[in-house]
$ cat query_4.pdb   # PDB, C-alpha atoms
MODEL        1
ATOM      1  CA  MET A   1     136.764 131.775  96.426  1.00  0.00           C
ATOM      2  CA  ARG A   2     139.934 132.201  98.413  1.00  0.00           C
ATOM      3  CA  PRO A   3     140.749 129.623 101.092  1.00  0.00           C
ATOM      4  CA  GLU A   4     140.302 132.078 103.974  1.00  0.00           C
ATOM      5  CA  LYS A   5     136.875 133.106 102.674  1.00  0.00           C
ATOM      6  CA  ALA A   6     135.949 129.455 102.140  1.00  0.00           C
ATOM      7  CA  ASN A   7     136.866 128.743 105.760  1.00  0.00           C
ATOM      8  CA  ILE A   8     134.676 131.613 106.942  1.00  0.00           C
ATOM      9  CA  VAL A   9     131.726 130.295 104.943  1.00  0.00           C
ATOM     10  CA  SER A  10     132.335 126.723 106.194  1.00  0.00           C
ATOM     11  CA  ASP A  11     132.458 127.805 109.826  1.00  0.00           C
ATOM     12  CA  LEU A  12     129.365 129.966 109.407  1.00  0.00           C
ATOM     13  CA  SER A  13     127.488 127.125 107.711  1.00  0.00           C
ATOM     14  CA  ALA A  14     128.314 124.777 110.604  1.00  0.00           C
ATOM     15  CA  LYS A  15     127.081 127.401 113.101  1.00  0.00           C
ATOM     16  CA  LEU A  16     123.794 127.787 111.233  1.00  0.00           C
ATOM     17  CA  LYS A  17     123.248 124.014 111.214  1.00  0.00           C
ATOM     18  CA  ASP A  18     123.772 123.759 114.975  1.00  0.00           C
ATOM     19  CA  SER A  19     121.505 126.704 115.757  1.00  0.00           C
ATOM     20  CA  LEU A  20     117.802 126.297 116.404  1.00  0.00           C
ATOM     21  CA  PHE A  21     117.076 129.662 114.824  1.00  0.00           C
ATOM     22  CA  VAL A  22     118.635 132.459 112.797  1.00  0.00           C
ATOM     23  CA  LEU A  23     117.494 136.047 113.334  1.00  0.00           C
ATOM     24  CA  VAL A  24     118.795 138.633 110.895  1.00  0.00           C
ATOM     25  CA  THR A  25     119.014 142.234 112.170  1.00  0.00           C
ATOM     26  CA  ASP A  26     120.173 145.578 110.769  1.00  0.00           C
ATOM     27  CA  TYR A  27     123.636 146.515 112.047  1.00  0.00           C
ATOM     28  CA  GLN A  28     123.609 149.989 110.510  1.00  0.00           C
ATOM     29  CA  ARG A  29     124.262 152.948 112.873  1.00  0.00           C
ATOM     30  CA  MET A  30     125.118 150.630 115.741  1.00  0.00           C
ATOM     31  CA  LYS A  31     128.077 151.759 117.836  1.00  0.00           C
ATOM     32  CA  VAL A  32     130.663 149.498 119.415  1.00  0.00           C
ATOM     33  CA  ASP A  33     129.394 149.988 122.960  1.00  0.00           C
ATOM     34  CA  GLN A  34     125.827 149.334 121.827  1.00  0.00           C
ATOM     35  CA  PHE A  35     126.907 146.147 120.088  1.00  0.00           C
ATOM     36  CA  SER A  36     128.642 145.018 123.286  1.00  0.00           C
ATOM     37  CA  GLU A  37     125.468 145.802 125.263  1.00  0.00           C
ATOM     38  CA  LEU A  38     123.373 143.695 122.880  1.00  0.00           C
ATOM     39  CA  ARG A  39     125.853 140.822 123.158  1.00  0.00           C
ATOM     40  CA  ASN A  40     125.710 140.964 126.968  1.00  0.00           C
ATOM     41  CA  ARG A  41     121.912 140.920 126.975  1.00  0.00           C
ATOM     42  CA  LEU A  42     121.733 137.942 124.621  1.00  0.00           C
ATOM     43  CA  ALA A  43     124.227 135.807 126.557  1.00  0.00           C
ATOM     44  CA  PRO A  44     121.839 134.850 129.432  1.00  0.00           C
ATOM     45  CA  ALA A  45     119.320 133.660 126.821  1.00  0.00           C
ATOM     46  CA  GLY A  46     121.948 131.359 125.301  1.00  0.00           C
ATOM     47  CA  ALA A  47     122.332 133.387 122.102  1.00  0.00           C
ATOM     48  CA  GLU A  48     125.177 135.218 120.393  1.00  0.00           C
ATOM     49  CA  VAL A  49     125.389 137.918 117.718  1.00  0.00           C
ATOM     50  CA  HIS A  50     127.851 138.168 114.827  1.00  0.00           C
ATOM     51  CA  VAL A  51     128.410 140.764 112.108  1.00  0.00           C
ATOM     52  CA  ILE A  52     128.757 139.055 108.743  1.00  0.00           C
ATOM     53  CA  LYS A  53     128.931 140.054 105.106  1.00  0.00           C
ATOM     54  CA  ASN A  54     125.788 139.413 103.108  1.00  0.00           C
ATOM     55  CA  SER A  55     127.680 137.432 100.451  1.00  0.00           C
ATOM     56  CA  PHE A  56     129.111 135.057 103.049  1.00  0.00           C
ATOM     57  CA  LEU A  57     125.751 134.686 104.717  1.00  0.00           C
ATOM     58  CA  LYS A  58     123.983 133.863 101.452  1.00  0.00           C
ATOM     59  CA  ARG A  59     126.513 131.154 100.676  1.00  0.00           C
ATOM     60  CA  ALA A  60     126.393 129.711 104.201  1.00  0.00           C
ATOM     61  CA  ILE A  61     122.576 129.602 104.172  1.00  0.00           C
ATOM     62  CA  ALA A  62     122.644 127.721 100.880  1.00  0.00           C
ATOM     63  CA  ASP A  63     125.271 125.255 102.135  1.00  0.00           C
ATOM     64  CA  SER A  64     123.362 124.553 105.367  1.00  0.00           C
ATOM     65  CA  GLY A  65     120.088 123.772 103.550  1.00  0.00           C
ATOM     66  CA  LEU A  66     118.116 126.654 105.080  1.00  0.00           C
ATOM     67  CA  PRO A  67     115.429 128.553 103.121  1.00  0.00           C
ATOM     68  CA  ASP A  68     116.693 131.229 100.742  1.00  0.00           C
ATOM     69  CA  VAL A  69     116.333 134.730 102.198  1.00  0.00           C
ATOM     70  CA  GLY A  70     118.866 136.398  99.898  1.00  0.00           C
ATOM     71  CA  ASN A  71     116.475 139.140  98.765  1.00  0.00           C
ATOM     72  CA  THR A  72     116.264 140.520 102.331  1.00  0.00           C
ATOM     73  CA  LEU A  73     120.040 140.592 102.928  1.00  0.00           C
ATOM     74  CA  THR A  74     120.792 144.223 102.179  1.00  0.00           C
ATOM     75  CA  GLY A  75     122.845 146.844 104.001  1.00  0.00           C
ATOM     76  CA  GLN A  76     124.929 145.982 107.090  1.00  0.00           C
ATOM     77  CA  THR A  77     123.779 142.715 108.606  1.00  0.00           C
ATOM     78  CA  ALA A  78     124.176 140.942 111.929  1.00  0.00           C
ATOM     79  CA  ILE A  79     122.858 137.501 112.743  1.00  0.00           C
ATOM     80  CA  VAL A  80     121.710 136.098 116.093  1.00  0.00           C
ATOM     81  CA  THR A  81     121.961 132.340 116.648  1.00  0.00           C
ATOM     82  CA  GLY A  82     121.491 130.025 119.598  1.00  0.00           C
ATOM     83  CA  LYS A  83     120.685 126.515 120.807  1.00  0.00           C
ATOM     84  CA  LYS A  84     117.901 127.373 123.229  1.00  0.00           C
ATOM     85  CA  ASP A  85     114.374 128.741 123.078  1.00  0.00           C
ATOM     86  CA  VAL A  86     113.955 131.553 120.580  1.00  0.00           C
ATOM     87  CA  ALA A  87     111.223 133.418 122.499  1.00  0.00           C
ATOM     88  CA  PRO A  88     113.510 134.970 125.170  1.00  0.00           C
ATOM     89  CA  VAL A  89     115.955 135.978 122.422  1.00  0.00           C
ATOM     90  CA  ALA A  90     113.188 137.665 120.472  1.00  0.00           C
ATOM     91  CA  LYS A  91     112.202 139.533 123.657  1.00  0.00           C
ATOM     92  CA  VAL A  92     115.749 140.869 124.050  1.00  0.00           C
ATOM     93  CA  LEU A  93     115.934 142.028 120.437  1.00  0.00           C
ATOM     94  CA  LYS A  94     112.542 143.715 120.594  1.00  0.00           C
ATOM     95  CA  ALA A  95     113.370 145.547 123.818  1.00  0.00           C
ATOM     96  CA  PHE A  96     116.811 146.577 122.544  1.00  0.00           C
ATOM     97  CA  ALA A  97     115.408 147.932 119.263  1.00  0.00           C
ATOM     98  CA  ALA A  98     112.725 149.916 121.122  1.00  0.00           C
ATOM     99  CA  GLU A  99     115.300 151.360 123.522  1.00  0.00           C
ATOM    100  CA  PHE A 100     118.067 152.342 121.112  1.00  0.00           C
ATOM    101  CA  LYS A 101     116.053 152.703 117.882  1.00  0.00           C
ATOM    102  CA  ILE A 102     118.542 150.432 116.120  1.00  0.00           C
ATOM    103  CA  ALA A 103     119.048 146.715 115.339  1.00  0.00           C
ATOM    104  CA  THR A 104     115.768 146.445 113.481  1.00  0.00           C
ATOM    105  CA  LEU A 105     114.823 142.853 112.811  1.00  0.00           C
ATOM    106  CA  LYS A 106     114.795 141.973 109.125  1.00  0.00           C
ATOM    107  CA  ILE A 107     113.739 138.345 108.985  1.00  0.00           C
ATOM    108  CA  GLY A 108     113.990 135.103 110.920  1.00  0.00           C
ATOM    109  CA  ILE A 109     114.372 131.381 110.290  1.00  0.00           C
ATOM    110  CA  VAL A 110     112.933 129.096 112.978  1.00  0.00           C
ATOM    111  CA  ASP A 111     112.657 125.318 112.534  1.00  0.00           C
ATOM    112  CA  ARG A 112     113.680 125.852 108.904  1.00  0.00           C
ATOM    113  CA  GLU A 113     110.653 128.087 108.349  1.00  0.00           C
ATOM    114  CA  ILE A 114     110.889 131.732 107.310  1.00  0.00           C
ATOM    115  CA  LEU A 115     109.319 134.198 109.744  1.00  0.00           C
ATOM    116  CA  LEU A 116     108.685 137.843 108.950  1.00  0.00           C
ATOM    117  CA  SER A 117     109.721 140.541 111.399  1.00  0.00           C
ATOM    118  CA  LYS A 118     106.135 140.897 112.703  1.00  0.00           C
ATOM    119  CA  ASP A 119     106.003 137.157 113.324  1.00  0.00           C
ATOM    120  CA  VAL A 120     109.193 137.287 115.371  1.00  0.00           C
ATOM    121  CA  GLU A 121     107.834 140.251 117.354  1.00  0.00           C
ATOM    122  CA  THR A 122     104.676 138.263 118.069  1.00  0.00           C
ATOM    123  CA  MET A 123     106.866 135.403 119.248  1.00  0.00           C
ATOM    124  CA  ALA A 124     108.603 137.848 121.589  1.00  0.00           C
ATOM    125  CA  ASP A 125     105.297 138.400 123.398  1.00  0.00           C
ATOM    126  CA  LEU A 126     104.836 134.677 124.046  1.00  0.00           C
ATOM    127  CA  PRO A 127     105.934 132.930 127.247  1.00  0.00           C
ATOM    128  CA  SER A 128     109.064 130.813 127.178  1.00  0.00           C
ATOM    129  CA  ARG A 129     109.022 127.261 125.861  1.00  0.00           C
ATOM    130  CA  GLU A 130     109.098 125.838 129.400  1.00  0.00           C
ATOM    131  CA  VAL A 131     106.073 127.906 130.448  1.00  0.00           C
ATOM    132  CA  LEU A 132     104.145 126.947 127.320  1.00  0.00           C
ATOM    133  CA  GLN A 133     104.924 123.272 127.875  1.00  0.00           C
ATOM    134  CA  ALA A 134     103.732 123.519 131.474  1.00  0.00           C
ATOM    135  CA  GLN A 135     100.515 125.230 130.370  1.00  0.00           C
ATOM    136  CA  LEU A 136      99.928 122.633 127.656  1.00  0.00           C
ATOM    137  CA  LEU A 137     100.553 119.821 130.114  1.00  0.00           C
ATOM    138  CA  GLY A 138      98.089 121.398 132.530  1.00  0.00           C
ATOM    139  CA  LEU A 139      95.433 121.568 129.814  1.00  0.00           C
ATOM    140  CA  LEU A 140      96.007 117.927 128.918  1.00  0.00           C
ATOM    141  CA  LEU A 141      95.920 116.729 132.519  1.00  0.00           C
ATOM    142  CA  THR A 142      92.865 118.730 133.595  1.00  0.00           C
ATOM    143  CA  PRO A 143      90.260 116.450 131.910  1.00  0.00           C
ATOM    144  CA  MET A 144      92.061 113.355 133.220  1.00  0.00           C
ATOM    145  CA  THR A 145      92.164 114.785 136.738  1.00  0.00           C
ATOM    146  CA  ARG A 146      88.451 115.542 136.619  1.00  0.00           C
ATOM    147  CA  LEU A 147      87.738 112.052 135.308  1.00  0.00           C
ATOM    148  CA  VAL A 148      89.723 110.421 138.086  1.00  0.00           C
ATOM    149  CA  ARG A 149      87.964 112.593 140.667  1.00  0.00           C
ATOM    150  CA  VAL A 150      84.549 111.649 139.278  1.00  0.00           C
ATOM    151  CA  LEU A 151      85.425 107.961 139.235  1.00  0.00           C
ATOM    152  CA  ASN A 152      86.738 108.038 142.774  1.00  0.00           C
ATOM    153  CA  GLU A 153      83.928 110.149 144.238  1.00  0.00           C
ATOM    154  CA  PRO A 154      81.226 107.422 144.446  1.00  0.00           C
ATOM    155  CA  GLY A 155      83.608 105.094 146.238  1.00  0.00           C
ATOM    156  CA  SER A 156      84.703 107.828 148.601  1.00  0.00           C
ATOM    157  CA  ALA A 157      81.106 108.852 149.372  1.00  0.00           C
ATOM    158  CA  PHE A 158      80.147 105.238 150.025  1.00  0.00           C
ATOM    159  CA  ALA A 159      83.117 104.794 152.344  1.00  0.00           C
ATOM    160  CA  ARG A 160      82.199 107.971 154.246  1.00  0.00           C
ATOM    161  CA  LEU A 161      78.609 106.726 154.584  1.00  0.00           C
ATOM    162  CA  LEU A 162      79.741 103.417 156.000  1.00  0.00           C
ATOM    163  CA  ASN A 163      82.052 105.123 158.458  1.00  0.00           C
ATOM    164  CA  ALA A 164      79.289 107.471 159.593  1.00  0.00           C
ATOM    165  CA  ARG A 165      76.827 104.655 160.166  1.00  0.00           C
ATOM    166  CA  ALA A 166      79.418 102.544 161.937  1.00  0.00           C
ATOM    167  CA  SER A 167      80.225 105.392 164.325  1.00  0.00           C
ATOM    168  CA  LYS A 168      76.535 105.753 165.313  1.00  0.00           C
ATOM    169  CA  MET A 169      75.914 102.033 165.971  1.00  0.00           C
ATOM    170  CA  PRO A 170      76.512 100.686 169.572  1.00  0.00           C
ATOM    171  CA  ALA A 171      79.380  98.384 170.105  1.00  0.00           C
ATOM    172  CA  ALA A 172      78.397  94.750 169.599  1.00  0.00           C
ATOM    173  CA  GLU A 173      78.446  92.524 172.745  1.00  0.00           C
ATOM    174  CA  PRO A 174      80.658  89.471 172.575  1.00  0.00           C
ATOM    175  CA  ALA A 175      78.733  86.333 171.760  1.00  0.00           C
ATOM    176  CA  LYS A 176      78.075  83.994 174.735  1.00  0.00           C
ATOM    177  CA  LEU A 177      78.694  80.319 174.360  1.00  0.00           C
ATOM    178  CA  GLU A 178      75.550  78.316 175.280  1.00  0.00           C
ATOM    179  CA  THR A 179      76.128  75.317 177.568  1.00  0.00           C
ATOM    180  CA  PRO A 180      74.050  72.381 176.349  1.00  0.00           C
ATOM    181  CA  ALA A 181      71.559  71.060 178.960  1.00  0.00           C
ATOM    182  CA  PRO A 182      72.302  67.567 180.310  1.00  0.00           C
ATOM    183  CA  GLU A 183      70.239  64.831 178.798  1.00  0.00           C
ATOM    184  CA  ALA A 184      67.471  63.356 181.047  1.00  0.00           C
ATOM    185  CA  LYS A 185      68.056  59.774 182.009  1.00  0.00           C
ATOM    186  CA  GLU A 186      65.182  57.382 181.476  1.00  0.00           C
ATOM    187  CA  VAL A 187      63.987  55.541 184.632  1.00  0.00           C
ATOM    188  CA  PRO A 188      62.940  51.958 184.097  1.00  0.00           C
ATOM    189  CA  VAL A 189      59.261  51.322 184.669  1.00  0.00           C
ATOM    190  CA  GLU A 190      59.822  48.383 186.997  1.00  0.00           C
ATOM    191  CA  ALA A 191      62.179  50.246 189.260  1.00  0.00           C
ATOM    192  CA  ALA A 192      59.834  53.161 189.762  1.00  0.00           C
ATOM    193  CA  ALA A 193      58.222  52.845 193.225  1.00  0.00           C
ATOM    194  CA  PRO A 194      54.592  53.724 193.595  1.00  0.00           C
ATOM    195  CA  GLN A 195      54.060  56.961 195.313  1.00  0.00           C
ATOM    196  CA  GLU A 196      52.051  56.926 198.587  1.00  0.00           C
ATOM    197  CA  HIS A 197      49.344  59.465 199.219  1.00  0.00           C
ATOM    198  CA  PRO A 198      49.235  60.052 202.952  1.00  0.00           C
ATOM    199  CA  VAL A 199      46.627  62.743 202.649  1.00  0.00           C
ATOM    200  CA  ALA A 200      44.179  60.410 201.062  1.00  0.00           C
ATOM    201  CA  GLU A 201      44.764  57.742 203.765  1.00  0.00           C
ATOM    202  CA  ALA A 202      44.279  60.329 206.481  1.00  0.00           C
ATOM    203  CA  LYS A 203      40.957  61.221 205.044  1.00  0.00           C
ATOM    204  CA  ALA A 204      39.941  57.588 204.967  1.00  0.00           C
ATOM    205  CA  GLU A 205      40.765  56.983 208.664  1.00  0.00           C
ATOM    206  CA  THR A 206      38.717  59.942 209.919  1.00  0.00           C
ATOM    207  CA  PRO A 207      35.388  58.503 211.326  1.00  0.00           C
ATOM    208  CA  ALA A 208      32.200  59.886 210.094  1.00  0.00           C
ATOM    209  CA  ALA A 209      30.342  62.118 212.487  1.00  0.00           C
ATOM    210  CA  GLU A 210      27.486  60.388 214.404  1.00  0.00           C
ATOM    211  CA  PRO A 211      24.075  61.822 213.937  1.00  0.00           C
ATOM    212  CA  LYS A 212      22.720  63.799 216.842  1.00  0.00           C
ATOM    213  CA  LYS A 213      19.875  62.152 218.893  1.00  0.00           C
ATOM    214  CA  GLU A 214      16.759  64.205 219.344  1.00  0.00           C
ATOM    215  CA  GLU A 215      15.709  64.666 222.953  1.00  0.00           C
ATOM    216  CA  PRO A 216      12.075  63.954 223.822  1.00  0.00           C
ATOM    217  CA  PRO A 217       9.951  66.963 224.598  1.00  0.00           C
ATOM    218  CA  ALA A 218       9.420  67.798 228.198  1.00  0.00           C
ATOM    219  CA  SER A 219       6.158  66.432 229.711  1.00  0.00           C
ATOM    220  CA  GLU A 220       3.418  68.689 230.883  1.00  0.00           C
ATOM    221  CA  GLU A 221       3.618  67.261 234.323  1.00  0.00           C
ATOM    222  CA  SER A 222       7.034  68.553 234.995  1.00  0.00           C
ATOM    223  CA  ALA A 223       5.734  71.995 234.063  1.00  0.00           C
TER
ENDMDL
END
$ encode --input "query_4.pdb" --output "structure tokens"
Amino acid sequence: MRPEKANIVSDLSAKLKDSLFVLVTDYQRMKVDQFSELRNRLAPAGAEVHVIKNSFLKRAIADSGLPDVGNTLTGQTAIVTGKKDVAPVAKVLKAFAAEFKIATLKIGIVDREILLSKDVETMADLPSREVLQAQLLGLLLTPMTRLVRVLNEPGSAFARLLNARASKMPAAEPAKLETPAPEAKEVPVEAAAPQEHPVAEAKAETPAAEPKKEEPPASEESA
């Protein structure tokens, strides 16, 4: 192989190694302006398209360690490579082929696995990698979220019950300090004076009533 051809194969092999995917399309009947339109549509998706000879592509695929797809490399061929998600790129290719009736997808290599054209078209109908990751994360977190809610619910209900009961109870009065009563002093027996009972003495001094004397009956003579 001539040095210039060897350089082309070397550069192409390095591009295939750096790419996350390789989509092989049919370049036949594609005009220059249509090719430019396809390139402009692929750029926002982080992909680029190149027209390459089948012999160079077969050699570059072999050198880069990708699966052998040599039996599908017939006619005029263009390859689409990129370092981002393949799903948006597949969407662009599918829409472009449906609009212009050209650039039919031949075969694809994604994650070093061969994909048929129908598989790539199915991939075009999928959401982007970011959306799929978000959906998967949501599915993984949903059971955990429910579990946390269930675990927290009894504690929350108990706290609400306590708050409700506390709001209905009257405010507690401040506790009063009780003053201890003074201790009674014992009075000695000898010092205690006898108490006088004037009422009793008064009763004793009152003389007893004298009995009444009966008067003699009047005599008949006075009558």
$ residues_near_point --input "query_4.pdb" --point "(128.2, 127.1, 108.4)" --cutoff "9 Å" --atoms "all atoms listed in the file" --output "NGL selection string"
:A and (8-18 or 57 or 59-61 or 63-64)
$ residues_around --input "query_4.pdb" --residues "region 43-52 of chain A" --least-positions-apart "6" --cutoff "9 Å" --atoms "all atoms listed in the file" --output "list of chain:residue names"
A:Tyr27, A:Phe35, A:Gln76, A:Thr77, A:Ala78, A:Ile79, A:Val80, A:Thr81, A:Gly82, A:Lys83, A:Lys84, A:Asp85, A:Val86, A:Pro88, A:Val89, A:Val92
$ atom_distance --input "query_4.pdb" --atom1 "CA of Ser55 (chain A)" --atom2 "CA of Thr122 (chain A)"
29.0 Å
$ residues_near_point --input "query_4.pdb" --point "(127.6, 149.1, 119.7)" --cutoff "12 Å" --atoms "only C-alpha atoms" --output "list of chain:residue names"
A:Tyr27, A:Gln28, A:Arg29, A:Met30, A:Lys31, A:Val32, A:Asp33, A:Gln34, A:Phe35, A:Ser36, A:Glu37, A:Leu38, A:Arg39, A:Asn40, A:Val49, A:His50, A:Val51, A:Ala78, A:Phe96, A:Phe100, A:Ile102, A:Ala103
$ atom_distance --input "query_4.pdb" --atom1 "CA of Val24 (chain A)" --atom2 "CA of Leu116 (chain A)"
10.3 Å
